[in-house]
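So the structure is just underneath, and the comments pick up after that.
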Amino acid sequence: MTKYIIKRLLLMIPTLLGVAVLIFFLMRVVPGDIVELRFSGETSGVSKETLAIERARLGLDKPLWHQFVTYMTGLARFDLGTSMWTGAPIHEEIKLRFALTLQVAIMSTIIAVLLAIPLGVLAALKQDTWVDYSVRIFSIAGLATPSFWLGILFILVLLVFFKWLPPMVYTPFWVNPWQNMLQLIWPALAVGYRYSAVATRMTRSAMLEVLREDYIRTARAKGLWQKLILTRHALKNAMLPVLTVIALEFAFLMGGLVVTEQVFNLNGLGLLFVESVAHRDYTLTQALVLLVAASFIVVNFLVDLAYAWIDPRIRFR
Amino acid sequence: MATVETFADVPEASAAARWRTFVVDFCRQRPLGAIGAAVVLLNLVVAALANVISPYDPLATDYGAMLAAPSRAHWLGTDAFGRDVLTRILYGSRTAMLVGFSCAFIGATLGAVIGVTSAYFGGKVDLLIQRVMDIFLSFPLIILALAVVAMLGTGLENVIAAITVPMIPRAALVARSSALAIREMPYVDAARAAGFRHGRIILRHMSPNVMAPYLIMLTAFLGQAILLEASLSFLGLGVSEPTPAWGLMLRGAAVQFAESAPWMAIFPGLAISLAVFAFNLFGDSLRDALDPRLRTQ
């Protein structure tokens, strides 16, 4: 097991390195650079020298290989550098936004799990009845509804029927939990619906598969209490694939909340990413992509470990 | 060679019949899927005939009727430029269908070819392709799409490229796992022994046999591509004004005037949801019908 963990951890390095290299060159291919963009507002008064000085300050005058080596040595020392646009250290730029995105992601996960598991189990137990059909239609609709549109609808309903709007300024949870919840519950619900749809479908199909297993029939035959069969025998075994989709969806949310953040005017990682790309802020974009990719890879790894922990039949070499 | 062709004629004829019975069975056994397919067809018809059935010109502004509520003249109201919302939704289905079908088709096909190639060669080639795919997979879909848009700029073709790129590794993953089983089949060995070139074996012998997962992916991608296009356009990074597109219609004024003119925010979103819902309904039923492992009962 330890050997397996070490092997997996080592395998993460080439993948992350690939991501880092890919985003480095991808950003350099994007037309326009940060210096031009910064001075684009004052087209007449900027001399070539000013642009050159600014480029030199940001290290953009160096040859590409030199920039690449600087970037890579920085990464090796876990130093992400400073944002080219604001000049602030990158971890400072990311910190609060990461907390916000993480909180929305966690809240929507909770909403999704609370909805998905009961609905999925119910649909599986009542397969091919109207209950099953309603749950399936509800979840297919969840996959089809854009979460940003759902967010707009929430705002609309709150505005028209309650004459109330969620607070627009972000308050960290540790400062004022109530204010924080009032703001973040809506994006979490909007995202949570789609998320729960994915998980509901997986719960249903996993339960259907497990309920056909011999050990469930045995448990029924020996007259075990139905509730106990469900929780102890069936649900526990059906949880593996459900856990996988929940975890993957969670990792996806770390970078994929862009559009929802836009609707609710939240300064999260997604919007920061869009901004940093628009500014051609190479250092910040690279750091964000690495962060998102790393969380994806780490979550994947944790899922695999959880598999072995939940299901003793799975042993890794 | 002549004998081979006569042999080939027989299954050809029965294939058409099999196809017909498949369609009939599908409609009978999966009414929800059939409804989905009907809505998809309806969407395609609307997209094709948008210029015939629309009551107005999608680009015509009418400053006398800005933000007009739904009425007999404008069934779904007008937007901040006085453009008819219904007309723009009907024309918007052109954008959605174009993006949906091109992305799904190109993404699933390229992905399938890469996946089958990777499985066919195995060994080092497989390992290398898998690593590259892993790198692309660790980018969230929308982030990769955003990066491609930043590189190429906005506009319809670039949006199609931006949505297709992240689909390829996902398709490759699925195609590879199905192709791994096929690689060991006697007929592939036979083809290899007959001295066929690699390209021919991959395209003519292996690819047709991953058709079921391919079709399942294709239909799943259709809905995803439409949603992704709407998201990108909503962010202002997709199709640009004044092209009618559903995501774009929800941007800016639709949110700004949500209270006084809610029809601008409601109807384009409904169009997206309905279209994707239909594609998913159809795709789901198709998966159940095609994939024997997932077939219940």
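Residue names in the structure tokens use chain letters A, B, ... in the order shown, residue numbers from 1 in each chain, and ligand numbers from 1 in the order shown.
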
Q: Identify every residue of chain B that has at least one atom within 7 Å of any atom of chain A, counting only C-alpha atoms, and report the result as JSON, numbers by chain.
A: {"B": [134, 135, 138, 139, 140, 142, 143, 150, 151, 227, 231, 235, 255, 258, 259, 269, 273, 276, 277, 280]}

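Excluding His205 (chain B) and any residue on its chain fewer than 6 positions from it, the residues at most 8 Å away by only C-alpha atoms are Tyr187, Val188 and Ala191 of chain B.
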
Writer output for current selection, C-alpha atoms, as a compact mmCIF listing (two decimals), in the first residue's frame:
```txt
# COMPACT_ATOMS: atom_id res chain seq x y z
CA TYR B 187 -10.42 -11.00 -36.85
CA VAL B 188 -7.91 -8.32 -35.93
CA ALA B 191 -6.21 -8.76 -40.64
```

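For the pair CA of Arg220 (chain A) and CA of Ser134 (chain A), the separation is 27.3 Å.
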
Q) Which parts of region 106-283 of chain A does DSSP call helix (DSSP H, G or I) when run on the backbone here, written out as a ChimeraX atom specification? A) /A:106-125,130-144,147-162,177-211,214-221,226-256,258-264,269-278,282-283

Using only C-alpha atoms, which residues sit within 8 Å of region 93-103 of chain A once same-chain residues fewer than 2 positions away are excluded, as a PDB file with N, CA and C atoms, in the first residue's frame?
```pdb
ATOM      1  N   SER A  83       2.073  38.523  -9.097  1.00  0.00           N
ATOM      2  CA  SER A  83       1.185  38.778 -10.221  1.00  0.00           C
ATOM      3  C   SER A  83       1.760  39.906 -11.069  1.00  0.00           C
ATOM      4  N   ALA A  88       1.249  42.023  -6.575  1.00  0.00           N
ATOM      5  CA  ALA A  88       1.133  41.363  -5.268  1.00  0.00           C
ATOM      6  C   ALA A  88       1.597  39.916  -5.395  1.00  0.00           C
ATOM      7  N   PRO A  89       2.107  39.344  -4.296  1.00  0.00           N
ATOM      8  CA  PRO A  89       2.475  37.926  -4.335  1.00  0.00           C
ATOM      9  C   PRO A  89       1.243  37.079  -4.697  1.00  0.00           C
ATOM     10  N   ILE A  90       1.477  36.031  -5.485  1.00  0.00           N
ATOM     11  CA  ILE A  90       0.349  35.276  -6.007  1.00  0.00           C
ATOM     12  C   ILE A  90      -0.468  34.602  -4.913  1.00  0.00           C
ATOM     13  N   HIS A  91       0.237  34.099  -3.885  1.00  0.00           N
ATOM     14  CA  HIS A  91      -0.553  33.423  -2.839  1.00  0.00           C
ATOM     15  C   HIS A  91      -1.481  34.405  -2.137  1.00  0.00           C
ATOM     16  N   ALA A 105     -18.040  25.404  -3.301  1.00  0.00           N
ATOM     17  CA  ALA A 105     -17.927  24.016  -3.757  1.00  0.00           C
ATOM     18  C   ALA A 105     -18.361  23.051  -2.655  1.00  0.00           C
ATOM     19  N   ILE A 106     -17.933  23.312  -1.418  1.00  0.00           N
ATOM     20  CA  ILE A 106     -18.298  22.421  -0.311  1.00  0.00           C
ATOM     21  C   ILE A 106     -19.805  22.486  -0.060  1.00  0.00           C
ATOM     22  N   MET A 107     -20.357  23.705  -0.065  1.00  0.00           N
ATOM     23  CA  MET A 107     -21.790  23.833   0.187  1.00  0.00           C
ATOM     24  C   MET A 107     -22.605  23.133  -0.896  1.00  0.00           C
ATOM     25  N   PRO A 172     -16.235  36.999   4.705  1.00  0.00           N
ATOM     26  CA  PRO A 172     -15.742  35.656   5.047  1.00  0.00           C
ATOM     27  C   PRO A 172     -16.577  35.034   6.164  1.00  0.00           C
ATOM     28  N   MET A 254     -13.767  23.451  -8.583  1.00  0.00           N
ATOM     29  CA  MET A 254     -12.691  24.363  -8.187  1.00  0.00           C
ATOM     30  C   MET A 254     -12.331  25.314  -9.334  1.00  0.00           C
ATOM     31  N   LEU A 257     -16.491  27.064 -11.652  1.00  0.00           N
ATOM     32  CA  LEU A 257     -17.564  27.920 -11.150  1.00  0.00           C
ATOM     33  C   LEU A 257     -17.629  29.264 -11.871  1.00  0.00           C
ATOM     34  N   ASN A 267     -16.187  37.134  -6.313  1.00  0.00           N
ATOM     35  CA  ASN A 267     -14.790  37.180  -6.713  1.00  0.00           C
ATOM     36  C   ASN A 267     -14.095  35.876  -6.393  1.00  0.00           C
ATOM     37  N   GLY A 268     -14.389  34.848  -7.154  1.00  0.00           N
ATOM     38  CA  GLY A 268     -13.796  33.542  -6.880  1.00  0.00           C
ATOM     39  C   GLY A 268     -12.658  33.235  -7.834  1.00  0.00           C
ATOM     40  N   LEU A 269     -12.190  31.991  -7.763  1.00  0.00           N
ATOM     41  CA  LEU A 269     -11.077  31.569  -8.605  1.00  0.00           C
ATOM     42  C   LEU A 269     -11.402  31.663 -10.084  1.00  0.00           C
ATOM     43  N   LEU A 272     -11.232  35.165 -11.346  1.00  0.00           N
ATOM     44  CA  LEU A 272      -9.829  35.568 -11.309  1.00  0.00           C
ATOM     45  C   LEU A 272      -9.106  35.005 -12.523  1.00  0.00           C
TER      46      LEU A 272
END
```

(Q) Give me the residues near Gly192 (chain A) as a PyMOL selection string, where near means some atom within 6 Å (using only C-alpha atoms) and where sequence neighbours in that chain fewer than 5 positions away do not count. (A) chain A and resi 108+111-112

Filtering to C-alpha atoms, could you give me those residues as a PDB file, in the first residue's frame?
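Result saved to selection.pdb:
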```pdb
ATOM      1  CA  SER A 108     -22.988  22.603  -3.190  1.00  0.00           C
ATOM      2  CA  ILE A 111     -26.666  20.041  -1.080  1.00  0.00           C
ATOM      3  CA  ALA A 112     -25.964  17.530  -3.843  1.00  0.00           C
TER       4      ALA A 112
END
```

Q) When distances are computed from only C-alpha atoms, which of B:Ala161, B:Leu146, B:Val116, B:Leu137 shows the smallest separation from Ser178 (chain B)? A) B:Val116

Q: May I have the residues within 8 Å of Leu144 (chain B) as a list of chain:residue names, using only C-alpha atoms and disregarding those fewer than 6 positions away in the same chain?
A: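 Here the qualifying residues turn out to be B:Ala162, B:Val165, B:Pro166.
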
Got time to write the residues from that selection, C-alpha atoms, as a compact mmCIF listing (two decimals), in the first residue's frame?
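And here is the file that came out, out_22.txt:
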```txt
# COMPACT_ATOMS: atom_id res chain seq x y z
CA ALA B 162 -12.57 25.71 -27.98
CA VAL B 165 -10.50 20.40 -27.80
CA PRO B 166 -11.48 19.39 -24.25
```

(Q) Quick one: residues within 6 Å of region 48-62 of chain B, only C-alpha atoms, excluding same-chain residues fewer than 3 positions away - as a PyMOL selection string? (A) chain B and resi 45+65+81-83+87-88+90-91

Saved selection, atoms kept: C-alpha atoms, as a PDB file, in the first residue's frame:
```pdb
ATOM      1  CA  VAL B  45     -36.230  21.793 -38.368  1.00  0.00           C
ATOM      2  CA  ALA B  65     -40.564  48.944 -28.734  1.00  0.00           C
ATOM      3  CA  PHE B  81     -32.695  47.062 -28.526  1.00  0.00           C
ATOM      4  CA  GLY B  82     -36.313  46.330 -29.352  1.00  0.00           C
ATOM      5  CA  ARG B  83     -35.383  43.066 -31.080  1.00  0.00           C
ATOM      6  CA  THR B  87     -37.174  35.517 -33.443  1.00  0.00           C
ATOM      7  CA  ARG B  88     -33.805  35.583 -31.756  1.00  0.00           C
ATOM      8  CA  LEU B  90     -35.555  30.642 -33.216  1.00  0.00           C
ATOM      9  CA  TYR B  91     -32.406  31.900 -34.948  1.00  0.00           C
TER      10      TYR B  91
END
```

Q: May I have the residues within 9 Å of Leu182 (chain A) as an NGL selection string, using only C-alpha atoms and disregarding those fewer than 5 positions away in the same chain?
A: :A and (166-167 or 177)

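Counting from CA of Tyr193 (chain A), the distance to CA of Leu32 (chain B) is 21.6 Å.
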